[in-house]
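Pasted below: entry34.tsv, TSV, C-alpha atoms.
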```
chain	number	residue	atom	x	y	z
A	122	MET	CA	85.55	105.19	116.62
A	123	ARG	CA	87.40	107.15	113.94
A	124	ALA	CA	85.99	107.53	110.45
A	125	LEU	CA	88.13	107.81	107.37
A	126	VAL	CA	86.90	110.47	104.98
A	127	LEU	CA	87.91	109.86	101.38
A	128	THR	CA	87.96	112.91	99.18
A	129	ALA	CA	87.90	112.91	95.40
A	130	PRO	CA	91.65	113.73	95.19
A	131	LEU	CA	92.51	110.80	97.47
A	132	LEU	CA	90.33	108.45	95.44
A	133	ALA	CA	92.03	109.66	92.27
A	134	LEU	CA	95.44	109.06	93.84
A	135	ALA	CA	94.43	105.56	94.91
A	136	ALA	CA	93.30	104.81	91.35
A	137	ILE	CA	96.69	105.95	90.09
A	138	LEU	CA	98.82	104.07	92.60
A	139	LEU	CA	96.98	100.81	93.14
A	140	PRO	CA	97.41	98.10	90.52
A	141	ALA	CA	94.50	97.73	88.13
A	142	ASP	CA	92.91	94.46	87.12
A	143	GLY	CA	93.84	93.13	83.74
A	144	ALA	CA	97.04	92.56	81.85
A	145	GLU	CA	100.45	93.62	83.05
A	146	SER	CA	103.45	93.80	80.73
A	147	SER	CA	107.04	94.62	81.63
A	148	TYR	CA	110.16	95.60	79.74
A	149	LYS	CA	113.74	96.31	80.86
A	150	LEU	CA	114.80	99.69	79.50
A	151	SER	CA	118.36	100.48	78.43
A	152	PRO	CA	119.60	104.03	79.03
A	153	ASN	CA	118.70	106.49	76.24
A	154	ASP	CA	117.11	103.86	73.96
A	155	ILE	CA	113.65	104.69	72.67
A	156	VAL	CA	111.11	101.89	73.02
A	157	THR	CA	107.62	101.84	71.49
A	158	ALA	CA	104.93	100.29	73.67
A	159	THR	CA	101.83	99.23	71.74
A	160	VAL	CA	98.68	98.82	73.81
A	161	ASN	CA	95.26	97.68	72.58
A	162	LEU	CA	92.62	99.49	74.61
A	163	GLY	CA	89.50	97.41	75.12
A	164	PRO	CA	85.94	98.67	75.70
A	165	GLU	CA	86.44	98.93	79.49
A	166	ASP	CA	89.97	100.41	79.43
A	167	ARG	CA	90.11	104.07	80.47
A	168	TRP	CA	93.82	104.89	80.77
A	169	ILE	CA	97.30	103.45	80.46
A	170	GLU	CA	99.38	103.05	83.62
A	171	ILE	CA	103.18	103.15	83.34
A	172	THR	CA	105.20	102.27	86.44
A	173	LEU	CA	108.97	102.38	86.74
A	174	LYS	CA	110.35	99.83	89.20
A	175	ASP	CA	113.76	98.68	90.28
A	176	ALA	CA	115.49	95.81	88.48
A	177	ALA	CA	113.97	93.25	90.88
A	178	GLY	CA	110.47	94.44	89.97
A	179	LYS	CA	109.87	95.82	93.44
A	180	ASN	CA	109.19	99.27	94.82
A	181	PHE	CA	107.18	101.77	92.84
A	182	LYS	CA	109.74	104.32	91.82
A	183	SER	CA	107.80	106.58	89.46
A	184	HIS	CA	104.40	106.33	87.87
A	185	ILE	CA	102.61	107.99	84.92
A	186	GLN	CA	98.93	107.58	84.12
A	187	VAL	CA	97.98	108.60	80.56
A	188	GLY	CA	94.29	109.39	80.35
A	189	GLY	CA	93.82	111.04	76.99
A	190	VAL	CA	94.54	114.10	74.91
A	191	TYR	CA	93.62	117.75	75.51
A	192	LYS	CA	91.99	119.79	72.75
A	193	ASP	CA	95.38	121.38	71.92
A	194	GLY	CA	96.93	117.92	71.33
A	195	LYS	CA	98.90	117.73	74.60
A	196	MET	CA	98.86	114.45	76.49
A	197	ALA	CA	96.60	114.38	79.57
A	198	PHE	CA	98.53	112.67	82.36
A	199	SER	CA	99.16	112.54	86.08
A	200	ALA	CA	102.44	111.40	87.57
A	201	THR	CA	103.93	110.45	90.93
A	202	SER	CA	107.35	109.56	92.28
A	203	ARG	CA	109.02	108.31	95.47
A	204	CYS	CA	106.11	105.98	96.21
A	205	ARG	CA	106.48	102.76	98.16
A	206	ASP	CA	105.53	99.37	96.77
A	207	LEU	CA	102.22	99.37	98.63
A	208	GLY	CA	101.00	102.48	96.88
A	209	PHE	CA	100.49	105.94	98.37
A	210	SER	CA	102.70	107.01	101.22
A	211	PRO	CA	103.27	110.39	102.88
A	212	ASP	CA	106.59	110.59	101.02
A	213	CYS	CA	104.92	110.27	97.61
A	214	LEU	CA	105.41	113.33	95.39
A	215	LEU	CA	102.98	114.42	92.70
A	216	HIS	CA	104.11	115.73	89.31
A	217	HIS	CA	101.78	117.33	86.80
A	218	ASP	CA	101.60	118.53	83.26
A	219	GLU	CA	101.75	122.30	82.84
A	220	SER	CA	97.96	122.73	82.91
A	221	ASN	CA	97.57	120.59	86.05
A	222	ILE	CA	99.72	122.27	88.69
A	223	SER	CA	97.60	122.38	91.82
A	224	GLU	CA	95.19	119.45	91.68
A	225	LEU	CA	95.51	115.69	91.55
A	226	LYS	CA	93.24	115.21	88.59
A	227	PHE	CA	93.30	115.81	84.90
A	228	HIS	CA	92.70	119.50	84.27
A	229	GLY	CA	89.94	120.59	81.92
A	230	ASP	CA	88.24	118.69	79.15
A	231	PHE	CA	90.19	116.09	77.27
A	232	ASP	CA	89.30	113.27	74.93
A	233	GLN	CA	89.90	109.78	76.24
A	234	LEU	CA	92.34	107.67	74.31
A	235	PRO	CA	90.49	105.96	71.47
A	236	LYS	CA	89.79	102.26	71.84
A	237	GLY	CA	92.06	99.97	69.83
A	238	GLU	CA	95.79	100.28	69.21
A	239	GLN	CA	97.64	103.05	71.02
A	240	ARG	CA	101.37	103.66	70.93
A	241	LEU	CA	103.50	105.33	73.57
A	242	LEU	CA	107.22	106.00	73.33
A	243	LEU	CA	109.37	105.42	76.40
A	244	GLN	CA	112.90	106.57	77.09
A	245	LEU	CA	115.04	106.12	80.19
A	246	ARG	CA	117.02	109.36	80.22
A	247	PRO	CA	119.67	110.23	82.81
A	248	GLY	CA	117.69	110.59	86.02
A	249	LYS	CA	114.21	110.43	84.48
A	250	LEU	CA	111.67	108.43	82.53
A	251	ALA	CA	110.10	110.22	79.56
A	252	VAL	CA	106.83	109.13	77.91
A	253	TRP	CA	105.17	110.67	74.84
A	254	ARG	CA	102.70	109.88	72.09
A	255	PRO	CA	104.09	109.75	68.53
A	256	GLU	CA	101.28	112.07	67.42
A	257	ASN	CA	102.68	114.89	69.58
A	258	PRO	CA	106.38	114.47	70.41
A	259	VAL	CA	106.47	117.92	72.07
A	260	SER	CA	104.10	116.89	74.89
A	261	VAL	CA	106.26	114.69	77.13
A	262	ALA	CA	105.53	113.34	80.60
A	263	LYS	CA	108.65	113.02	82.76
A	264	VAL	CA	109.19	111.60	86.21
A	265	PRO	CA	112.36	110.94	88.20
A	266	ALA	CA	114.13	107.63	87.57
A	267	PRO	CA	116.21	106.78	90.65
A	268	GLU	CA	119.39	104.81	90.04
A	269	GLY	CA	118.62	101.14	89.49
A	270	SER	CA	115.13	101.80	88.14
A	271	ASP	CA	114.94	100.32	84.68
A	272	LEU	CA	111.91	98.03	84.63
A	273	VAL	CA	108.83	99.63	83.11
A	274	VAL	CA	105.46	97.98	83.74
A	275	ILE	CA	102.33	98.80	81.74
A	276	SER	CA	99.01	97.96	83.38
A	277	GLY	CA	95.47	99.25	83.64
A	278	VAL	CA	94.51	97.63	80.33
A	279	SER	CA	92.77	94.38	79.48
A	280	GLN	CA	95.36	93.08	76.98
A	281	PRO	CA	99.16	92.78	77.27
A	282	ALA	CA	101.32	95.48	75.72
A	283	THR	CA	104.04	94.72	73.20
A	284	PHE	CA	107.41	96.47	73.13
A	285	THR	CA	109.67	97.17	70.16
A	286	GLN	CA	113.01	98.92	69.99
A	287	GLY	CA	113.00	102.28	68.26
A	288	GLY	CA	110.66	105.15	67.59
A	289	ASP	CA	110.73	108.85	66.78
A	290	ALA	CA	112.56	111.02	69.29
A	291	ALA	CA	110.71	113.51	71.42
A	292	MET	CA	111.11	117.16	70.48
A	293	ASP	CA	110.89	118.50	74.02
A	294	PRO	CA	113.65	120.64	75.43
A	295	GLU	CA	115.74	118.42	77.67
A	296	GLU	CA	115.79	121.03	80.46
A	297	PRO	CA	113.92	121.92	82.52
A	298	SER	CA	113.22	118.27	83.20
A	299	THR	CA	110.57	117.09	85.60
A	300	PRO	CA	107.95	119.65	86.64
A	301	PRO	CA	108.35	120.75	90.24
A	302	PRO	CA	106.85	118.27	92.70
A	303	VAL	CA	103.76	119.12	94.73
A	304	GLU	CA	104.00	117.91	98.32
A	305	PRO	CA	100.97	115.85	99.44
A	306	ASN	CA	98.32	117.86	101.28
A	307	ALA	CA	100.13	121.07	100.42
```

Hey, can you dump this file as structure tokens for me?
Amino acid sequence: MRALVLTAPLLALAAILLPADGAESSYKLSPNDIVTATVNLGPEDRWIEITLKDAAGKNFKSHIQVGGVYKDGKMAFSATSRCRDLGFSPDCLLHHDESNISELKFHGDFDQLPKGEQRLLLQLRPGKLAVWRPENPVSVAKVPAPEGSDLVVISGVSQPATFTQGGDAAMDPEEPSTPPPVEPNA
């Protein structure tokens, strides 16, 4: 009999890739338009999950999990790409913010997102999805956006998100784009 040993990094990856209970809201993004997603975090909500899917709503393409804010104001996030629709696969790549290069977890102490209304700005740029908080437009999470991926799904929260066109542009340098991927089990 073989036993499966689950390590903390694998559990964290499963939490990122598997759908959470609660509300799920979707929005079809147009290239280069900025969209504001407003999410009301309830008492049990811990993070906001953003998944980019293809136009049919299938196949995880890229995924960002926003968990909070670091002491310096940067957004605390983890990100994946090239994942299959059933969650983690050996082909899944991990992307990290600059302070989270080698581990699949949020790095260091950060404050969780406050309960109540939270806003995130989303933009489908050429070849990537960018997500940032209006409070810090320099701290931007980016993941690849394969061709045909234009449906963003917000989940992991107890109430549906609302989407409105417009919002303040990010002030990040456009290049370099996505942080280098980290191969699984590397």

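Between Leu250 in chain A and the candidates A:Leu234, A:Ala290, A:Ala282, A:Val273, the tightest atom-to-atom separation, counting all atoms listed in the file, involves A:Val273.
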
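Atom pair CA of Trp253 in chain A / CA of Ala291 in chain A: separated by 7.1 Å.
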
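Using all atoms listed in the file, the smallest distance between any of A:Ser202, A:Ser151, A:Asn161, A:Gln233 and Val187 in chain A comes from A:Gln233.
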
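With only C-alpha atoms as the atoms that count, the residue of A:Asp175, A:Glu145, A:Glu165, A:Asp154 with the shortest distance to Ala266 in chain A is A:Asp175.
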
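Going from CA of Ser279 in chain A to CA of Gly163 in chain A covers 6.2 Å.
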
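For Leu272 in chain A, the list of residues within 7 Å, based on only C-alpha atoms and with local chain neighbours fewer than 3 positions off taken out, reads Ser147, Tyr148, Lys149, Leu150, Leu173, Lys174, Asp175, Ala176 and Gly178 of chain A.
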
For the residues in that selection, give me C-alpha atoms as a PDB file, in the coordinates of the input.
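Heads up, here's the output in out_22.pdb:
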```pdb
ATOM      1  CA  SER A 147     107.040  94.620  81.630  1.00  0.00           C
ATOM      2  CA  TYR A 148     110.160  95.600  79.740  1.00  0.00           C
ATOM      3  CA  LYS A 149     113.740  96.310  80.860  1.00  0.00           C
ATOM      4  CA  LEU A 150     114.800  99.690  79.500  1.00  0.00           C
ATOM      5  CA  LEU A 173     108.970 102.380  86.740  1.00  0.00           C
ATOM      6  CA  LYS A 174     110.350  99.830  89.200  1.00  0.00           C
ATOM      7  CA  ASP A 175     113.760  98.680  90.280  1.00  0.00           C
ATOM      8  CA  ALA A 176     115.490  95.810  88.480  1.00  0.00           C
ATOM      9  CA  GLY A 178     110.470  94.440  89.970  1.00  0.00           C
TER      10      GLY A 178
END
```

Do you know which residues are at most 9 Å from Ile155 in chain A counting only C-alpha atoms, after dropping those on the same chain fewer than 3 positions away, and could you put them as an mmCIF file with C-alpha atoms, in the coordinates of the input?
```cif
data_model
loop_
_atom_site.group_PDB
_atom_site.id
_atom_site.type_symbol
_atom_site.label_atom_id
_atom_site.label_comp_id
_atom_site.auth_asym_id
_atom_site.auth_seq_id
_atom_site.Cartn_x
_atom_site.Cartn_y
_atom_site.Cartn_z
ATOM 1 C CA LEU A 150 114.800 99.690 79.500
ATOM 2 C CA SER A 151 118.360 100.480 78.430
ATOM 3 C CA PRO A 152 119.600 104.030 79.030
ATOM 4 C CA LEU A 242 107.220 106.000 73.330
ATOM 5 C CA LEU A 243 109.370 105.420 76.400
ATOM 6 C CA GLN A 244 112.900 106.570 77.090
ATOM 7 C CA LEU A 245 115.040 106.120 80.190
ATOM 8 C CA THR A 285 109.670 97.170 70.160
ATOM 9 C CA GLN A 286 113.010 98.920 69.990
ATOM 10 C CA GLY A 287 113.000 102.280 68.260
ATOM 11 C CA GLY A 288 110.660 105.150 67.590
ATOM 12 C CA ASP A 289 110.730 108.850 66.780
ATOM 13 C CA ALA A 290 112.560 111.020 69.290
#
```

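Shortest atom-to-atom contact with Gln186 in chain A among A:Ser146, A:Asp293, A:Pro281, A:Val274: A:Val274, counting all atoms listed in the file.
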
* Pick out the residues sitting within 12 Å of Gln239 in chain A, and hand them over as a ChimeraX atom specification; count all atoms listed in the file, and ignore anything fewer than 4 positions along from it in its own chain. => /A:157-163,166,168-169,187-189,233-235,253-256,278,280,282-284

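Nearest-residue note for Pro267 in chain A: choosing from A:Ser183, A:Thr201, A:Tyr191, A:Asp232, the minimum distance belongs to A:Ser183, counting all atoms listed in the file.
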